[in-house]
file model_21.pdb (PDB, C-alpha atoms, pLDDT in the B column)
ATOM      1  CA  MET D   1      13.197  15.585  26.243  1.00 29.00           C
ATOM      2  CA  GLY D   2      10.960  17.694  23.992  1.00 32.00           C
ATOM      3  CA  MET D   3       7.277  17.591  23.211  1.00 33.00           C
ATOM      4  CA  TYR D   4       7.824  15.797  19.911  1.00 32.00           C
ATOM      5  CA  ALA D   5       6.368  12.369  19.270  1.00 33.00           C
ATOM      6  CA  PRO D   6       8.900   9.540  19.013  1.00 41.00           C
ATOM      7  CA  LYS D   7      10.093   8.725  15.522  1.00 55.00           C
ATOM      8  CA  GLY D   8       7.462   6.580  13.820  1.00 64.00           C
ATOM      9  CA  GLN D   9       7.861   3.269  12.104  1.00 86.00           C
ATOM     10  CA  ARG D  10       8.168   3.577   8.331  1.00 89.00           C
ATOM     11  CA  GLU D  11       6.376   0.966   6.243  1.00 90.00           C
ATOM     12  CA  VAL D  12       5.374   0.370   2.652  1.00 93.00           C
ATOM     13  CA  HIS D  13       2.417  -1.362   1.060  1.00 92.00           C
ATOM     14  CA  LEU D  14       2.324  -2.361  -2.595  1.00 92.00           C
ATOM     15  CA  LEU D  15      -0.763  -1.962  -4.769  1.00 93.00           C
ATOM     16  CA  ARG D  16       0.321  -4.129  -7.684  1.00 90.00           C
ATOM     17  CA  PHE D  17      -2.079  -4.314 -10.612  1.00 93.00           C
ATOM     18  CA  ASP D  18      -2.162  -6.677 -13.545  1.00 88.00           C
ATOM     19  CA  GLY D  19      -3.463  -5.849 -17.029  1.00 88.00           C
ATOM     20  CA  ARG D  20      -7.045  -6.597 -15.962  1.00 90.00           C
ATOM     21  CA  GLN D  21      -7.024  -4.106 -13.038  1.00 91.00           C
ATOM     22  CA  ARG D  22      -6.738  -6.858 -10.462  1.00 92.00           C
ATOM     23  CA  ILE D  23      -4.698  -6.336  -7.292  1.00 92.00           C
ATOM     24  CA  GLY D  24      -2.075  -8.869  -6.236  1.00 90.00           C
ATOM     25  CA  LEU D  25      -2.594  -9.918  -2.626  1.00 90.00           C
ATOM     26  CA  VAL D  26      -0.587 -12.117  -0.292  1.00 86.00           C
ATOM     27  CA  ARG D  27      -2.352 -15.006   1.430  1.00 82.00           C
ATOM     28  CA  HIS D  28      -1.589 -15.695   5.089  1.00 78.00           C
ATOM     29  CA  ALA D  29      -2.610 -18.355   7.569  1.00 73.00           C
ATOM     30  CA  ARG D  30      -6.336 -18.790   8.102  1.00 74.00           C
ATOM     31  CA  ASP D  31      -7.016 -17.407   4.594  1.00 74.00           C
ATOM     32  CA  SER D  32      -6.454 -13.789   5.586  1.00 81.00           C
ATOM     33  CA  LEU D  33      -5.237 -11.539   2.787  1.00 86.00           C
ATOM     34  CA  SER D  34      -3.142  -8.396   2.722  1.00 88.00           C
ATOM     35  CA  LEU D  35      -1.220  -6.152   0.418  1.00 91.00           C
ATOM     36  CA  PRO D  36       2.472  -7.008   0.291  1.00 89.00           C
ATOM     37  CA  THR D  37       3.967  -5.013   3.180  1.00 89.00           C
ATOM     38  CA  ALA D  38       7.431  -4.316   4.538  1.00 90.00           C
ATOM     39  CA  ALA D  39       8.963  -2.217   7.272  1.00 90.00           C
ATOM     40  CA  CYS D  40      11.783   0.050   6.115  1.00 91.00           C
ATOM     41  CA  ALA D  41      15.230  -0.532   7.547  1.00 90.00           C
ATOM     42  CA  PRO D  42      16.765   2.557   9.214  1.00 87.00           C
ATOM     43  CA  GLN D  43      18.755   3.777   6.173  1.00 88.00           C
ATOM     44  CA  GLU D  44      16.503   2.266   3.499  1.00 90.00           C
ATOM     45  CA  SER D  45      14.279   4.352   1.231  1.00 90.00           C
ATOM     46  CA  TYR D  46      10.606   3.549   0.836  1.00 90.00           C
ATOM     47  CA  ARG D  47      11.220   2.549  -2.789  1.00 88.00           C
ATOM     48  CA  GLU D  48      14.041   0.158  -1.799  1.00 89.00           C
ATOM     49  CA  ALA D  49      11.713  -1.478   0.716  1.00 89.00           C
ATOM     50  CA  VAL D  50       9.052  -1.947  -1.971  1.00 88.00           C
ATOM     51  CA  CYS D  51      11.570  -3.607  -4.290  1.00 85.00           C
ATOM     52  CA  ARG D  52      12.276  -6.201  -1.578  1.00 83.00           C
ATOM     53  CA  LEU D  53       8.603  -7.209  -1.713  1.00 78.00           C
ATOM     54  CA  VAL D  54       8.620  -8.283  -5.331  1.00 74.00           C
ATOM     55  CA  ASP D  55      10.068 -11.534  -6.568  1.00 60.00           C
ATOM     56  CA  GLY D  56      11.768 -10.547  -9.801  1.00 54.00           C
ATOM     57  CA  ALA D  57      12.004  -6.755  -9.761  1.00 53.00           C
ATOM     58  CA  ALA D  58      12.147  -6.739 -13.570  1.00 56.00           C
ATOM     59  CA  ALA D  59       8.475  -7.772 -13.536  1.00 70.00           C
ATOM     60  CA  LEU D  60       7.534  -4.512 -11.819  1.00 78.00           C
ATOM     61  CA  ARG D  61       6.749  -1.153 -13.426  1.00 87.00           C
ATOM     62  CA  PHE D  62       6.110   1.562 -10.867  1.00 91.00           C
ATOM     63  CA  GLY D  63       2.977   3.664 -11.259  1.00 92.00           C
ATOM     64  CA  GLY D  64       3.067   7.429 -11.143  1.00 93.00           C
ATOM     65  CA  VAL D  65       1.223   7.845  -7.845  1.00 95.00           C
ATOM     66  CA  VAL D  66       2.347   7.213  -4.269  1.00 95.00           C
ATOM     67  CA  ALA D  67       0.001   7.770  -1.327  1.00 94.00           C
ATOM     68  CA  ARG D  68       1.261   8.817   2.084  1.00 93.00           C
ATOM     69  CA  LEU D  69      -0.556   8.288   5.326  1.00 89.00           C
ATOM     70  CA  ASP D  70       0.454   8.889   8.925  1.00 85.00           C
ATOM     71  CA  VAL D  71      -1.418   6.540  11.258  1.00 80.00           C
ATOM     72  CA  TYR D  72      -1.612   7.287  14.974  1.00 75.00           C
ATOM     73  CA  PRO D  73      -2.996   4.113  16.594  1.00 69.00           C
ATOM     74  CA  HIS D  74      -4.700   4.604  19.934  1.00 66.00           C
ATOM     75  CA  GLY D  75      -2.372   3.694  22.770  1.00 62.00           C
ATOM     76  CA  ALA D  76       0.677   3.228  20.540  1.00 61.00           C
ATOM     77  CA  ALA D  77       3.963   4.842  21.541  1.00 63.00           C
ATOM     78  CA  ALA D  78       4.755   5.932  17.986  1.00 67.00           C
ATOM     79  CA  HIS D  79       2.882   6.578  14.786  1.00 77.00           C
ATOM     80  CA  ARG D  80       3.331   4.679  11.524  1.00 81.00           C
ATOM     81  CA  LYS D  81       4.468   6.498   8.388  1.00 88.00           C
ATOM     82  CA  VAL D  82       2.819   4.488   5.622  1.00 90.00           C
ATOM     83  CA  ARG D  83       3.549   4.791   1.909  1.00 93.00           C
ATOM     84  CA  LEU D  84       1.289   3.079  -0.602  1.00 94.00           C
ATOM     85  CA  PHE D  85       3.108   2.479  -3.898  1.00 94.00           C
ATOM     86  CA  THR D  86       1.297   1.765  -7.155  1.00 94.00           C
ATOM     87  CA  ALA D  87       2.881  -0.636  -9.623  1.00 92.00           C
ATOM     88  CA  HIS D  88       2.005  -2.880 -12.531  1.00 91.00           C
ATOM     89  CA  ALA D  89       2.932  -6.495 -13.202  1.00 83.00           C
ATOM     90  CA  GLU D  90       4.651  -6.855 -16.549  1.00 73.00           C
ATOM     91  CA  ARG D  91       4.672 -10.644 -16.371  1.00 66.00           C
ATOM     92  CA  SER D  92       3.347 -13.315 -14.076  1.00 57.00           C
ATOM     93  CA  CYS D  93       4.944 -13.656 -10.686  1.00 58.00           C
ATOM     94  CA  SER D  94       5.090 -16.137  -7.865  1.00 57.00           C
ATOM     95  CA  ALA D  95       2.168 -18.451  -7.263  1.00 59.00           C
ATOM     96  CA  SER D  96       2.022 -17.068  -3.718  1.00 67.00           C
ATOM     97  CA  TRP D  97       0.174 -14.009  -5.052  1.00 77.00           C
ATOM     98  CA  LEU D  98      -3.611 -14.097  -5.305  1.00 86.00           C
ATOM     99  CA  TRP D  99      -5.011 -11.804  -8.006  1.00 89.00           C
ATOM    100  CA  MET D 100      -8.420 -10.336  -7.257  1.00 91.00           C
ATOM    101  CA  PRO D 101     -10.581  -7.656  -8.963  1.00 95.00           C
ATOM    102  CA  TRP D 102      -9.671  -4.381  -7.254  1.00 94.00           C
ATOM    103  CA  ARG D 103     -13.147  -3.594  -5.852  1.00 93.00           C
ATOM    104  CA  GLN D 104     -13.371  -7.043  -4.291  1.00 93.00           C
ATOM    105  CA  ALA D 105      -9.776  -6.857  -3.012  1.00 92.00           C
ATOM    106  CA  VAL D 106     -10.301  -3.524  -1.259  1.00 91.00           C
ATOM    107  CA  LEU D 107     -13.265  -4.969   0.637  1.00 88.00           C
ATOM    108  CA  ARG D 108     -11.194  -7.975   1.811  1.00 84.00           C
ATOM    109  CA  LEU D 109      -8.202  -5.981   3.043  1.00 82.00           C
ATOM    110  CA  PRO D 110      -7.696  -5.174   6.696  1.00 72.00           C
ATOM    111  CA  SER D 111      -7.730  -1.485   7.482  1.00 73.00           C
ATOM    112  CA  LEU D 112      -4.599   0.396   6.548  1.00 80.00           C
ATOM    113  CA  GLY D 113      -5.699   3.271   8.746  1.00 79.00           C
ATOM    114  CA  THR D 114      -7.793   5.105   6.164  1.00 85.00           C
ATOM    115  CA  SER D 115     -11.305   4.753   4.775  1.00 87.00           C
ATOM    116  CA  GLU D 116     -10.153   6.374   1.500  1.00 90.00           C
ATOM    117  CA  LEU D 117      -8.470   3.311  -0.016  1.00 91.00           C
ATOM    118  CA  ALA D 118     -11.285   2.480  -2.470  1.00 92.00           C
ATOM    119  CA  GLU D 119     -11.472   6.080  -3.706  1.00 93.00           C
ATOM    120  CA  PHE D 120      -7.693   6.197  -4.060  1.00 93.00           C
ATOM    121  CA  VAL D 121      -7.563   3.000  -6.149  1.00 94.00           C
ATOM    122  CA  GLU D 122     -10.502   4.083  -8.304  1.00 95.00           C
ATOM    123  CA  GLY D 123      -8.992   7.526  -8.907  1.00 95.00           C
ATOM    124  CA  TYR D 124      -5.628   6.037  -9.764  1.00 94.00           C
ATOM    125  CA  LEU D 125      -7.028   3.499 -12.230  1.00 94.00           C
ATOM    126  CA  GLU D 126      -9.403   5.994 -13.850  1.00 94.00           C
ATOM    127  CA  GLY D 127      -6.660   8.611 -14.130  1.00 93.00           C
ATOM    128  CA  TRP D 128      -8.238  11.462 -12.181  1.00 94.00           C
ATOM    129  CA  ILE D 129      -5.501  11.448  -9.541  1.00 94.00           C
ATOM    130  CA  PRO D 130      -2.473  13.218 -11.053  1.00 92.00           C
ATOM    131  CA  ASP D 131       0.959  11.631 -10.921  1.00 93.00           C
ATOM    132  CA  GLY D 132       2.973  12.415  -7.822  1.00 94.00           C
ATOM    133  CA  TRP D 133       2.320  12.189  -4.098  1.00 94.00           C
ATOM    134  CA  ILE D 134      -1.133  12.248  -2.535  1.00 94.00           C
ATOM    135  CA  THR D 135      -1.931  12.384   1.172  1.00 93.00           C
ATOM    136  CA  LEU D 136      -4.731  10.167   2.451  1.00 91.00           C
ATOM    137  CA  THR D 137      -6.647  11.056   5.585  1.00 85.00           C
ATOM    138  CA  ALA D 138      -6.045   8.842   8.589  1.00 80.00           C
ATOM    139  CA  ASP D 139      -9.071   7.466  10.407  1.00 77.00           C
ATOM    140  CA  LEU D 140      -9.383   8.807  13.929  1.00 61.00           C
ATOM    141  CA  ARG D 141      -9.323   5.969  16.433  1.00 53.00           C
ATOM    142  CA  ARG D 142     -10.758   6.473  19.892  1.00 38.00           C
TER     143      ARG D 142
END
call {"tool": "encode", "arguments": {"input": "model_21.pdb", "output": "structure tokens"}}
result
Amino acid sequence: MGMYAPKGQREVHLLRFDGRQRIGLVRHARDSLSLPTAACAPQESYREAVCRLVDGAAALRFGGVVARLDVYPHGAAAHRKVRLFTAHAERSCSASWLWMPWRQAVLRLPSLGTSELAEFVEGYLEGWIPDGWITLTADLRR
């Protein structure tokens, strides 16, 4: 057995925007909110996992930016490889989604393991983050 960390869990989160720069959130029990999230199956790509999250894939137009983040939770046996996909709603979707102005939504979301989420969303929407992959800094947990 080597010194390498065990293979981490791969997961995706979807930042889905409507035409008014609102983020689509999923409501859970006790009124908690989150981004739509899925764990990737062993042979599944991140993009395939994101497509599973959306009811009616035709209503989804992917954005040009994907954020990557490796989260190493304190005491966890493996890290999480997180990918944050940007996308846009081209028509209304399920009533299970709650649309909220992006600044308000970011404040209501549980931590994804980075304090850079608000800056990422702002940079994406304002166009100063170029298309492609961007790496977000993981928060250090003690």
call {"tool": "atom_distance", "arguments": {"input": "model_21.pdb", "atom1": "atom CA of D:Ser45", "atom2": "atom CA of D:Leu14"}}
result
14.2 Å
call {"tool": "atom_distance", "arguments": {"input": "model_21.pdb", "atom1": "atom CA of D:Val65", "atom2": "atom CA of D:Gly132"}}
result
4.9 Å
call {"tool": "axis_aligned_box", "arguments": {"input": "model_21.pdb", "around": "stretch 124-139 of chain D", "padding_each_side": "3 Å", "output": "AutoDock Vina command-line options"}}
result
--center_x -3.2 --center_y 8.4 --center_z -1.9 --size_x 18.4 --size_y 15.7 --size_z 30.5
call {"tool": "closest_residue", "arguments": {"input": "model_21.pdb", "among": "D:Leu35, D:Ile23, D:Leu15, D:Ile134", "to": "D:Pro110", "atoms": "all atoms listed in the file"}}
result
D:Leu35
call {"tool": "residues_around", "arguments": {"input": "model_21.pdb", "residues": "D:Glu48", "least_positions_apart": "6", "cutoff": "10 Å", "atoms": "all atoms listed in the file", "output": "PyMOL selection string"}}
result
chain D and resi 12+40-41
call {"tool": "residues_near_point", "arguments": {"input": "model_21.pdb", "point": "(4.7, -6.1, 4.1)", "cutoff": "10 Å", "atoms": "all atoms listed in the file", "output": "ChimeraX atom specification"}}
result
/D:11-14,26,34-40,49-50,52-53
call {"tool": "write_last_selection", "arguments": {"input": "model_21.pdb", "atoms": "C-alpha atoms", "output": "JSON list (two decimals), in the frame of the given file"}}
result
[["chain", "number", "residue", "atom", "x", "y", "z"],
["D", 11, "GLU", "CA", 6.38, 0.97, 6.24],
["D", 12, "VAL", "CA", 5.37, 0.37, 2.65],
["D", 13, "HIS", "CA", 2.42, -1.36, 1.06],
["D", 14, "LEU", "CA", 2.32, -2.36, -2.60],
["D", 26, "VAL", "CA", -0.59, -12.12, -0.29],
["D", 34, "SER", "CA", -3.14, -8.40, 2.72],
["D", 35, "LEU", "CA", -1.22, -6.15, 0.42],
["D", 36, "PRO", "CA", 2.47, -7.01, 0.29],
["D", 37, "THR", "CA", 3.97, -5.01, 3.18],
["D", 38, "ALA", "CA", 7.43, -4.32, 4.54],
["D", 39, "ALA", "CA", 8.96, -2.22, 7.27],
["D", 40, "CYS", "CA", 11.78, 0.05, 6.12],
["D", 49, "ALA", "CA", 11.71, -1.48, 0.72],
["D", 50, "VAL", "CA", 9.05, -1.95, -1.97],
["D", 52, "ARG", "CA", 12.28, -6.20, -1.58],
["D", 53, "LEU", "CA", 8.60, -7.21, -1.71]]
call {"tool": "residues_around", "arguments": {"input": "model_21.pdb", "residues": "D:Val121", "least_positions_apart": "2", "cutoff": "12 Å", "atoms": "only C-alpha atoms", "output": "PyMOL selection string"}}
result
chain D and resi 14-17+21-23+63+65-67+84-87+101-107+115-119+123-129+134+136
call {"tool": "write_last_selection", "arguments": {"input": "model_21.pdb", "atoms": "C-alpha atoms", "output": "PDB file, keeping the file's coordinate frame"}}
result
ATOM      1  CA  LEU D  14       2.324  -2.361  -2.595  1.00 92.00           C
ATOM      2  CA  LEU D  15      -0.763  -1.962  -4.769  1.00 93.00           C
ATOM      3  CA  ARG D  16       0.321  -4.129  -7.684  1.00 90.00           C
ATOM      4  CA  PHE D  17      -2.079  -4.314 -10.612  1.00 93.00           C
ATOM      5  CA  GLN D  21      -7.024  -4.106 -13.038  1.00 91.00           C
ATOM      6  CA  ARG D  22      -6.738  -6.858 -10.462  1.00 92.00           C
ATOM      7  CA  ILE D  23      -4.698  -6.336  -7.292  1.00 92.00           C
ATOM      8  CA  GLY D  63       2.977   3.664 -11.259  1.00 92.00           C
ATOM      9  CA  VAL D  65       1.223   7.845  -7.845  1.00 95.00           C
ATOM     10  CA  VAL D  66       2.347   7.213  -4.269  1.00 95.00           C
ATOM     11  CA  ALA D  67       0.001   7.770  -1.327  1.00 94.00           C
ATOM     12  CA  LEU D  84       1.289   3.079  -0.602  1.00 94.00           C
ATOM     13  CA  PHE D  85       3.108   2.479  -3.898  1.00 94.00           C
ATOM     14  CA  THR D  86       1.297   1.765  -7.155  1.00 94.00           C
ATOM     15  CA  ALA D  87       2.881  -0.636  -9.623  1.00 92.00           C
ATOM     16  CA  PRO D 101     -10.581  -7.656  -8.963  1.00 95.00           C
ATOM     17  CA  TRP D 102      -9.671  -4.381  -7.254  1.00 94.00           C
ATOM     18  CA  ARG D 103     -13.147  -3.594  -5.852  1.00 93.00           C
ATOM     19  CA  GLN D 104     -13.371  -7.043  -4.291  1.00 93.00           C
ATOM     20  CA  ALA D 105      -9.776  -6.857  -3.012  1.00 92.00           C
ATOM     21  CA  VAL D 106     -10.301  -3.524  -1.259  1.00 91.00           C
ATOM     22  CA  LEU D 107     -13.265  -4.969   0.637  1.00 88.00           C
ATOM     23  CA  SER D 115     -11.305   4.753   4.775  1.00 87.00           C
ATOM     24  CA  GLU D 116     -10.153   6.374   1.500  1.00 90.00           C
ATOM     25  CA  LEU D 117      -8.470   3.311  -0.016  1.00 91.00           C
ATOM     26  CA  ALA D 118     -11.285   2.480  -2.470  1.00 92.00           C
ATOM     27  CA  GLU D 119     -11.472   6.080  -3.706  1.00 93.00           C
ATOM     28  CA  GLY D 123      -8.992   7.526  -8.907  1.00 95.00           C
ATOM     29  CA  TYR D 124      -5.628   6.037  -9.764  1.00 94.00           C
ATOM     30  CA  LEU D 125      -7.028   3.499 -12.230  1.00 94.00           C
ATOM     31  CA  GLU D 126      -9.403   5.994 -13.850  1.00 94.00           C
ATOM     32  CA  GLY D 127      -6.660   8.611 -14.130  1.00 93.00           C
ATOM     33  CA  TRP D 128      -8.238  11.462 -12.181  1.00 94.00           C
ATOM     34  CA  ILE D 129      -5.501  11.448  -9.541  1.00 94.00           C
ATOM     35  CA  ILE D 134      -1.133  12.248  -2.535  1.00 94.00           C
ATOM     36  CA  LEU D 136      -4.731  10.167   2.451  1.00 91.00           C
TER      37      LEU D 136
END
